[in-house]
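Trainee: Okay, handing you the structure first.
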Amino acid sequence: LFDEQLQNLDRYGAVILAGQECVSGDQVQLLLDYVRRGGTLVLTGNTGQFNEWREKRRVNPFLPARTEGKGQIVYIPQIQPGASSQATARMSPPQWVLPKNHREIYDAIAQGLPKGLSLTTEAPLTTVAELLMRPETHETLVHFVNFDREHPLAPFKATVRKQYAGGVKSVSFFSPDADDPAPLTFEDSGDRVTFIVPSMRIYSMIVIEQESPDK
């Protein structure tokens with residue numbers, strides 16, 4: 001997070017500070033105000049233990065984990081490295097692994113979000129996803145990238161929280177493996193839409209189109 005982003009924290013469902021030991025008094029206040037308005041702040045390790053001059057605080061203003069106003073502070077004491085440390089700062093491929101307690105971290109974030117995660121899938125952990133919005137056309141785009149170069153992705157289930165009011169008109173699958181987009185069968189239930197992402201090699205994109213509320 002940069003200082004300019006701290007002025008507009010309400011756009012984020014959760015803010016994660018992983019071992020951010022030095023936090024200024026002004027930054028503490030902005031973060032606590034965000035929590036009181038309904039945000040979720042996730043901390044790890046010694047986050048907030050020092051001020052901006054690296055002077056140790058007598059009391060960490062973020063601890064203990066608690067409900068604060070309309071939001072909450074979630075604390076994860078330690079991130080357990082998934083690989084042994086190395087002598088150089090440059091990370092090599094063997095270091096590109098999830099922490100040993102990645103499930104604990106995931107659960108803490110997911111359970112701390114008032115509206116839940118925007119996207120959940122049954123894809124393997126070698127899959128990366130990004131969700132983007134096109135407000136002018138009421139479309140939600142979900143990009144999937146498969147980082148397992150040896151194995152294509154088998155079809156998997158995905159559920160997306162609807163980003164706009166109105167029902168879902170269509171869900172389409174785009175992939176460089178196919179010449180034309182493919183319409184997908186979907187289930188529109190409450191504030192979620194669920195569908196099966198077809199098999200893909202490296203990349204695919206899902207486009208979810210919702211009805212405009214004035215139609």
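If you're wondering about the labels, chains in the structure tokens are A, B, ... by order shown, residues count from 1 in each chain, ligands from 1 in order shown.
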Would you give me, as a VMD selection string, the residues in stretch 85-194 of chain A that DSSP reads as helix (DSSP H, G or I)?
Mentor: chain A and resid 93 to 95 102 to 112 135 to 137
Trainee: Can you write just those residues out, N, CA, C and O atoms, as a tab-separated table (two decimals), in the first residue's frame?
Mentor:
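What ended up in selection-v5.tsv:
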chain	number	residue	atom	x	y	z
A	93	PRO	N	13.68	-20.63	-8.22
A	93	PRO	CA	12.42	-21.38	-8.33
A	93	PRO	C	12.08	-22.27	-7.14
A	93	PRO	O	10.91	-22.35	-6.77
A	94	PRO	N	13.06	-22.96	-6.50
A	94	PRO	CA	12.69	-23.77	-5.34
A	94	PRO	C	12.06	-22.96	-4.20
A	94	PRO	O	11.42	-23.53	-3.32
A	95	GLN	N	12.27	-21.64	-4.21
A	95	GLN	CA	11.71	-20.79	-3.16
A	95	GLN	C	10.26	-20.37	-3.46
A	95	GLN	O	9.59	-19.80	-2.61
A	102	HIS	N	-0.36	-22.02	4.72
A	102	HIS	CA	-1.14	-21.22	3.76
A	102	HIS	C	-2.63	-21.42	3.94
A	102	HIS	O	-3.42	-20.50	3.69
A	103	ARG	N	-3.07	-22.61	4.37
A	103	ARG	CA	-4.49	-22.83	4.59
A	103	ARG	C	-5.01	-21.98	5.75
A	103	ARG	O	-6.11	-21.41	5.69
A	104	GLU	N	-4.21	-21.86	6.81
A	104	GLU	CA	-4.59	-21.00	7.94
A	104	GLU	C	-4.73	-19.55	7.49
A	104	GLU	O	-5.67	-18.84	7.88
A	105	ILE	N	-3.79	-19.10	6.64
A	105	ILE	CA	-3.83	-17.73	6.15
A	105	ILE	C	-5.07	-17.51	5.28
A	105	ILE	O	-5.80	-16.52	5.42
A	106	TYR	N	-5.33	-18.45	4.38
A	106	TYR	CA	-6.50	-18.36	3.51
A	106	TYR	C	-7.78	-18.30	4.33
A	106	TYR	O	-8.66	-17.45	4.11
A	107	ASP	N	-7.92	-19.21	5.30
A	107	ASP	CA	-9.14	-19.26	6.10
A	107	ASP	C	-9.34	-17.97	6.90
A	107	ASP	O	-10.46	-17.48	7.03
A	108	ALA	N	-8.24	-17.42	7.44
A	108	ALA	CA	-8.35	-16.20	8.22
A	108	ALA	C	-8.86	-15.04	7.37
A	108	ALA	O	-9.70	-14.25	7.82
A	109	ILE	N	-8.38	-14.96	6.14
A	109	ILE	CA	-8.82	-13.89	5.24
A	109	ILE	C	-10.26	-14.12	4.80
A	109	ILE	O	-11.10	-13.22	4.87
A	110	ALA	N	-10.56	-15.35	4.35
A	110	ALA	CA	-11.90	-15.64	3.84
A	110	ALA	C	-12.97	-15.45	4.90
A	110	ALA	O	-14.04	-14.89	4.64
A	111	GLN	N	-12.70	-15.92	6.12
A	111	GLN	CA	-13.68	-15.80	7.18
A	111	GLN	C	-13.80	-14.38	7.71
A	111	GLN	O	-14.81	-14.03	8.33
A	112	GLY	N	-12.77	-13.57	7.47
A	112	GLY	CA	-12.81	-12.19	7.95
A	112	GLY	C	-13.53	-11.23	7.04
A	112	GLY	O	-13.79	-10.08	7.42
A	135	PRO	N	-17.65	-1.55	-15.71
A	135	PRO	CA	-18.91	-0.96	-15.25
A	135	PRO	C	-19.82	-0.48	-16.37
A	135	PRO	O	-21.05	-0.58	-16.27
A	136	GLU	N	-19.23	0.02	-17.46
A	136	GLU	CA	-20.04	0.58	-18.55
A	136	GLU	C	-20.88	-0.48	-19.25
A	136	GLU	O	-21.93	-0.18	-19.84
A	137	THR	N	-20.44	-1.74	-19.20
A	137	THR	CA	-21.19	-2.82	-19.87
A	137	THR	C	-21.72	-3.85	-18.87
A	137	THR	O	-22.27	-4.87	-19.28
Trainee: Output as JSON lines one row per residue of stretch 38-154 of chain A within 10 Å of stretch 183-200 of chain A: the closest atom pair and its distance in Å to one decimal place, counting only C-alpha atoms, sorted by chain and residue number ascending.
Mentor:
{"residue": "A:Lys115", "atom": "CA", "partner": "A:Asp191", "partner_atom": "CA", "distance": 9.7}
{"residue": "A:Ser118", "atom": "CA", "partner": "A:Arg192", "partner_atom": "CA", "distance": 8.9}
{"residue": "A:Leu119", "atom": "CA", "partner": "A:Arg192", "partner_atom": "CA", "distance": 9.3}
{"residue": "A:Thr120", "atom": "CA", "partner": "A:Thr194", "partner_atom": "CA", "distance": 9.5}
{"residue": "A:Thr121", "atom": "CA", "partner": "A:Val197", "partner_atom": "CA", "distance": 9.4}
{"residue": "A:Glu122", "atom": "CA", "partner": "A:Ile196", "partner_atom": "CA", "distance": 9.6}
{"residue": "A:Ala123", "atom": "CA", "partner": "A:Val197", "partner_atom": "CA", "distance": 9.2}
{"residue": "A:Phe144", "atom": "CA", "partner": "A:Met200", "partner_atom": "CA", "distance": 9.2}
{"residue": "A:Val145", "atom": "CA", "partner": "A:Met200", "partner_atom": "CA", "distance": 9.0}
{"residue": "A:Asn146", "atom": "CA", "partner": "A:Met200", "partner_atom": "CA", "distance": 8.0}
{"residue": "A:His151", "atom": "CA", "partner": "A:Met200", "partner_atom": "CA", "distance": 9.6}
{"residue": "A:Pro152", "atom": "CA", "partner": "A:Met200", "partner_atom": "CA", "distance": 5.8}
{"residue": "A:Leu153", "atom": "CA", "partner": "A:Met200", "partner_atom": "CA", "distance": 5.2}
{"residue": "A:Ala154", "atom": "CA", "partner": "A:Ser199", "partner_atom": "CA", "distance": 4.6}
Trainee: Can you tell me how far atom CA of A:Ser24 sits from atom CA of A:Gln80, in Å to one decimal?
Mentor: 26.5 Å
Trainee: What residues in stretch 23-201 of chain A get the DSSP label strand (DSSP E or B)? Please answer as a VMD selection string.
Mentor: chain A and resid 40 to 44 50 56 66 to 68 71 to 76 119 to 121 127 to 134 139 to 146 153 156 to 161 168 to 174 182 to 183 186 to 189 192 to 197 200
Trainee: Excluding A:Arg134 and its own-chain neighbours fewer than 5 positions away, which residues fall within 12 Å of it when counting only C-alpha atoms? Please give them as a list in words.
Mentor: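 In the requested format, the answer is Glu139, Thr140, Leu141, Val142, Gln163, Tyr164, Val207, Ile208, Glu209 and Gln210 of chain A.
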Trainee: What would the file look like if the residues just selected were written as a PDB file, in the first residue's frame with N, CA, C and O atoms?
Mentor:
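Final file, selection-v7.pdb:
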ATOM      1  N   GLU A 139     -20.124  -5.939 -17.046  1.00  0.00           N
ATOM      2  CA  GLU A 139     -19.434  -7.209 -17.251  1.00  0.00           C
ATOM      3  C   GLU A 139     -18.360  -7.412 -16.180  1.00  0.00           C
ATOM      4  O   GLU A 139     -17.704  -6.462 -15.750  1.00  0.00           O
ATOM      5  N   THR A 140     -18.204  -8.653 -15.779  1.00  0.00           N
ATOM      6  CA  THR A 140     -17.120  -9.059 -14.881  1.00  0.00           C
ATOM      7  C   THR A 140     -16.217 -10.004 -15.650  1.00  0.00           C
ATOM      8  O   THR A 140     -16.689 -10.970 -16.259  1.00  0.00           O
ATOM      9  N   LEU A 141     -14.911  -9.732 -15.644  1.00  0.00           N
ATOM     10  CA  LEU A 141     -13.932 -10.558 -16.338  1.00  0.00           C
ATOM     11  C   LEU A 141     -13.095 -11.315 -15.325  1.00  0.00           C
ATOM     12  O   LEU A 141     -12.621 -10.723 -14.340  1.00  0.00           O
ATOM     13  N   VAL A 142     -12.928 -12.613 -15.541  1.00  0.00           N
ATOM     14  CA  VAL A 142     -12.071 -13.420 -14.684  1.00  0.00           C
ATOM     15  C   VAL A 142     -11.001 -14.068 -15.559  1.00  0.00           C
ATOM     16  O   VAL A 142     -11.322 -14.830 -16.476  1.00  0.00           O
ATOM     17  N   GLN A 163     -20.992  -8.601  -9.161  1.00  0.00           N
ATOM     18  CA  GLN A 163     -20.435  -7.280  -8.892  1.00  0.00           C
ATOM     19  C   GLN A 163     -21.423  -6.154  -9.166  1.00  0.00           C
ATOM     20  O   GLN A 163     -21.153  -4.995  -8.837  1.00  0.00           O
ATOM     21  N   TYR A 164     -22.577  -6.491  -9.746  1.00  0.00           N
ATOM     22  CA  TYR A 164     -23.574  -5.478 -10.074  1.00  0.00           C
ATOM     23  C   TYR A 164     -24.960  -5.990  -9.668  1.00  0.00           C
ATOM     24  O   TYR A 164     -25.174  -7.190  -9.494  1.00  0.00           O
ATOM     25  N   VAL A 207     -16.165 -14.196 -19.161  1.00  0.00           N
ATOM     26  CA  VAL A 207     -16.883 -12.916 -19.186  1.00  0.00           C
ATOM     27  C   VAL A 207     -18.305 -13.157 -18.687  1.00  0.00           C
ATOM     28  O   VAL A 207     -19.051 -13.941 -19.276  1.00  0.00           O
ATOM     29  N   ILE A 208     -18.648 -12.504 -17.588  1.00  0.00           N
ATOM     30  CA  ILE A 208     -19.984 -12.607 -16.996  1.00  0.00           C
ATOM     31  C   ILE A 208     -20.726 -11.309 -17.286  1.00  0.00           C
ATOM     32  O   ILE A 208     -20.292 -10.231 -16.855  1.00  0.00           O
ATOM     33  N   GLU A 209     -21.812 -11.397 -18.015  1.00  0.00           N
ATOM     34  CA  GLU A 209     -22.602 -10.210 -18.359  1.00  0.00           C
ATOM     35  C   GLU A 209     -23.881 -10.196 -17.526  1.00  0.00           C
ATOM     36  O   GLU A 209     -24.614 -11.183 -17.486  1.00  0.00           O
ATOM     37  N   GLN A 210     -24.114  -9.065 -16.861  1.00  0.00           N
ATOM     38  CA  GLN A 210     -25.303  -8.915 -16.042  1.00  0.00           C
ATOM     39  C   GLN A 210     -26.266  -7.902 -16.646  1.00  0.00           C
ATOM     40  O   GLN A 210     -25.867  -6.997 -17.413  1.00  0.00           O
TER      41      GLN A 210
END
Trainee: Could you list, as a list in words, every residue within 12 Å of A:Arg66, counting only C-alpha atoms and ignoring same-chain residues fewer than 5 positions away?
Mentor: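 Result of the neighbour search: Leu32, Val35, Arg36, Thr40, Leu41, Val42, Leu43, Pro61, Gly71, Gln72, Ile73, Val74, Tyr75 and Gly112 of chain A.
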Trainee: Go ahead and dump the residues you just picked, all heavy atoms, as a short mmCIF file (atom, residue, chain, number, x, y, z; two decimals), in the first residue's frame.
Mentor:
data_model
loop_
_atom_site.label_atom_id
_atom_site.label_comp_id
_atom_site.auth_asym_id
_atom_site.auth_seq_id
_atom_site.Cartn_x
_atom_site.Cartn_y
_atom_site.Cartn_z
N LEU A 32 -7.18 2.00 11.43
CA LEU A 32 -8.20 1.72 12.44
C LEU A 32 -9.54 2.35 12.07
O LEU A 32 -10.60 1.76 12.31
CB LEU A 32 -7.74 2.22 13.81
CG LEU A 32 -6.57 1.45 14.46
CD1 LEU A 32 -6.20 2.07 15.80
CD2 LEU A 32 -6.91 -0.03 14.62
N VAL A 35 -11.17 0.02 9.66
CA VAL A 35 -11.77 -1.13 10.34
C VAL A 35 -13.10 -0.72 10.98
O VAL A 35 -14.11 -1.43 10.86
CB VAL A 35 -10.81 -1.69 11.41
CG1 VAL A 35 -11.51 -2.75 12.26
CG2 VAL A 35 -9.57 -2.28 10.75
N ARG A 36 -13.13 0.41 11.63
CA ARG A 36 -14.35 0.86 12.32
C ARG A 36 -15.50 1.08 11.34
O ARG A 36 -16.67 0.95 11.71
CB ARG A 36 -14.06 2.13 13.11
CG ARG A 36 -13.11 1.92 14.29
CD ARG A 36 -12.69 3.21 14.94
NE ARG A 36 -11.68 2.96 15.97
CZ ARG A 36 -10.54 3.64 16.09
NH1 ARG A 36 -10.26 4.63 15.24
NH2 ARG A 36 -9.69 3.35 17.04
N THR A 40 -11.80 -5.16 7.06
CA THR A 40 -11.09 -6.25 7.73
C THR A 40 -9.60 -6.02 7.57
O THR A 40 -9.10 -5.86 6.45
CB THR A 40 -11.48 -7.61 7.12
OG1 THR A 40 -12.87 -7.85 7.34
CG2 THR A 40 -10.67 -8.73 7.76
N LEU A 41 -8.89 -5.97 8.68
CA LEU A 41 -7.43 -5.79 8.68
C LEU A 41 -6.79 -7.09 9.13
O LEU A 41 -7.08 -7.59 10.22
CB LEU A 41 -7.05 -4.65 9.62
CG LEU A 41 -5.56 -4.31 9.73
CD1 LEU A 41 -5.01 -3.84 8.39
CD2 LEU A 41 -5.34 -3.24 10.79
N VAL A 42 -5.94 -7.67 8.27
CA VAL A 42 -5.27 -8.93 8.57
C VAL A 42 -3.79 -8.63 8.82
O VAL A 42 -3.11 -8.04 7.96
CB VAL A 42 -5.42 -9.95 7.43
CG1 VAL A 42 -4.74 -11.26 7.78
CG2 VAL A 42 -6.90 -10.19 7.13
N LEU A 43 -3.28 -9.03 9.99
CA LEU A 43 -1.90 -8.75 10.38
C LEU A 43 -1.14 -10.05 10.56
O LEU A 43 -1.71 -11.07 10.94
CB LEU A 43 -1.85 -7.99 11.71
CG LEU A 43 -2.80 -6.83 11.91
CD1 LEU A 43 -2.78 -6.39 13.36
CD2 LEU A 43 -2.41 -5.68 11.00
N PRO A 61 -0.85 -0.91 18.71
CA PRO A 61 -2.24 -0.43 18.59
C PRO A 61 -3.16 -1.38 17.84
O PRO A 61 -4.39 -1.24 17.91
CB PRO A 61 -2.07 0.89 17.83
CG PRO A 61 -0.80 0.72 17.05
CD PRO A 61 0.09 -0.10 17.93
N GLY A 71 -16.02 -3.41 11.88
CA GLY A 71 -15.08 -4.33 11.25
C GLY A 71 -14.33 -5.16 12.26
O GLY A 71 -14.71 -5.26 13.43
N GLN A 72 -13.24 -5.76 11.80
CA GLN A 72 -12.46 -6.61 12.69
C GLN A 72 -11.00 -6.64 12.30
O GLN A 72 -10.63 -6.40 11.14
CB GLN A 72 -13.03 -8.03 12.72
CG GLN A 72 -13.00 -8.76 11.39
CD GLN A 72 -13.54 -10.18 11.51
OE1 GLN A 72 -13.24 -10.88 12.47
NE2 GLN A 72 -14.33 -10.59 10.54
N ILE A 73 -10.18 -6.95 13.30
CA ILE A 73 -8.75 -7.15 13.11
C ILE A 73 -8.45 -8.63 13.31
O ILE A 73 -8.83 -9.22 14.32
CB ILE A 73 -7.93 -6.30 14.09
CG1 ILE A 73 -8.22 -4.80 13.87
CG2 ILE A 73 -6.44 -6.57 13.93
CD1 ILE A 73 -7.56 -3.90 14.89
N VAL A 74 -7.80 -9.24 12.31
CA VAL A 74 -7.44 -10.66 12.35
C VAL A 74 -5.93 -10.76 12.46
O VAL A 74 -5.20 -10.07 11.73
CB VAL A 74 -7.93 -11.38 11.08
CG1 VAL A 74 -7.52 -12.84 11.11
CG2 VAL A 74 -9.45 -11.24 10.94
N TYR A 75 -5.45 -11.60 13.37
CA TYR A 75 -4.01 -11.72 13.60
C TYR A 75 -3.53 -13.14 13.35
O TYR A 75 -4.07 -14.10 13.89
CB TYR A 75 -3.66 -11.30 15.04
CG TYR A 75 -2.19 -11.39 15.36
CD1 TYR A 75 -1.27 -10.63 14.65
CD2 TYR A 75 -1.73 -12.21 16.38
CE1 TYR A 75 0.09 -10.69 14.95
CE2 TYR A 75 -0.37 -12.28 16.69
CZ TYR A 75 0.53 -11.51 15.96
OH TYR A 75 1.87 -11.57 16.24
N GLY A 112 -12.77 -13.57 7.47
CA GLY A 112 -12.81 -12.19 7.95
C GLY A 112 -13.53 -11.23 7.04
O GLY A 112 -13.79 -10.08 7.42
#
Trainee: Write out as a PDB file with all heavy atoms, in the first residue's frame each polymer residue whose atoms come within 6 Å of A:Glu211, counting only C-alpha atoms; drop sequence neighbours fewer than 4 positions from it.
Mentor:
ATOM      1  N   GLY A 166     -28.855  -6.879 -10.521  1.00  0.00           N
ATOM      2  CA  GLY A 166     -29.442  -7.470 -11.718  1.00  0.00           C
ATOM      3  C   GLY A 166     -28.999  -8.897 -11.938  1.00  0.00           C
ATOM      4  O   GLY A 166     -27.941  -9.331 -11.454  1.00  0.00           O
ATOM      5  N   GLY A 167     -29.807  -9.635 -12.686  1.00  0.00           N
ATOM      6  CA  GLY A 167     -29.501 -11.035 -12.964  1.00  0.00           C
ATOM      7  C   GLY A 167     -28.380 -11.204 -13.967  1.00  0.00           C
ATOM      8  O   GLY A 167     -27.939 -10.239 -14.616  1.00  0.00           O
ATOM      9  N   LYS A 169     -27.006 -12.426 -17.436  1.00  0.00           N
ATOM     10  CA  LYS A 169     -27.491 -12.693 -18.793  1.00  0.00           C
ATOM     11  C   LYS A 169     -26.732 -13.836 -19.447  1.00  0.00           C
ATOM     12  O   LYS A 169     -27.318 -14.682 -20.131  1.00  0.00           O
ATOM     13  CB  LYS A 169     -27.367 -11.432 -19.648  1.00  0.00           C
ATOM     14  CG  LYS A 169     -28.294 -10.299 -19.242  1.00  0.00           C
ATOM     15  CD  LYS A 169     -28.001  -9.032 -20.026  1.00  0.00           C
ATOM     16  CE  LYS A 169     -28.189  -9.212 -21.519  1.00  0.00           C
ATOM     17  NZ  LYS A 169     -27.981  -7.948 -22.262  1.00  0.00           N
TER      18      LYS A 169
END
Trainee: So which residues touch A:Val59 within 12 Å, counting only C-alpha atoms, skipping near sequence neighbours fewer than 6 positions away, as a list in words?
Mentor: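 My list of contacting residues is Asn46, Thr47, Gly48, Gln49, Phe50 and Asn51 of chain A.
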Trainee: So, counting only C-alpha atoms, which residue among A:Glu55, A:Tyr203, A:His138, A:Phe156 is closest to A:Val168?
Mentor: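 Under the stated criterion, the closest residue is A:His138.
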Trainee: Contacts of A:Pro181 at 10 Å or less, counting only C-alpha atoms, minus same-chain residues fewer than 2 places along, as an MDAnalysis selection string?
Mentor: chainID A and resid 172:176 178:179 183:184 205:207
Trainee: In Å, with one decimal, what is the gap from atom CA of A:Lys162 to atom CA of A:Leu131?
Mentor: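 Separation of atom CA of A:Lys162 and atom CA of A:Leu131: 11.3 Å.
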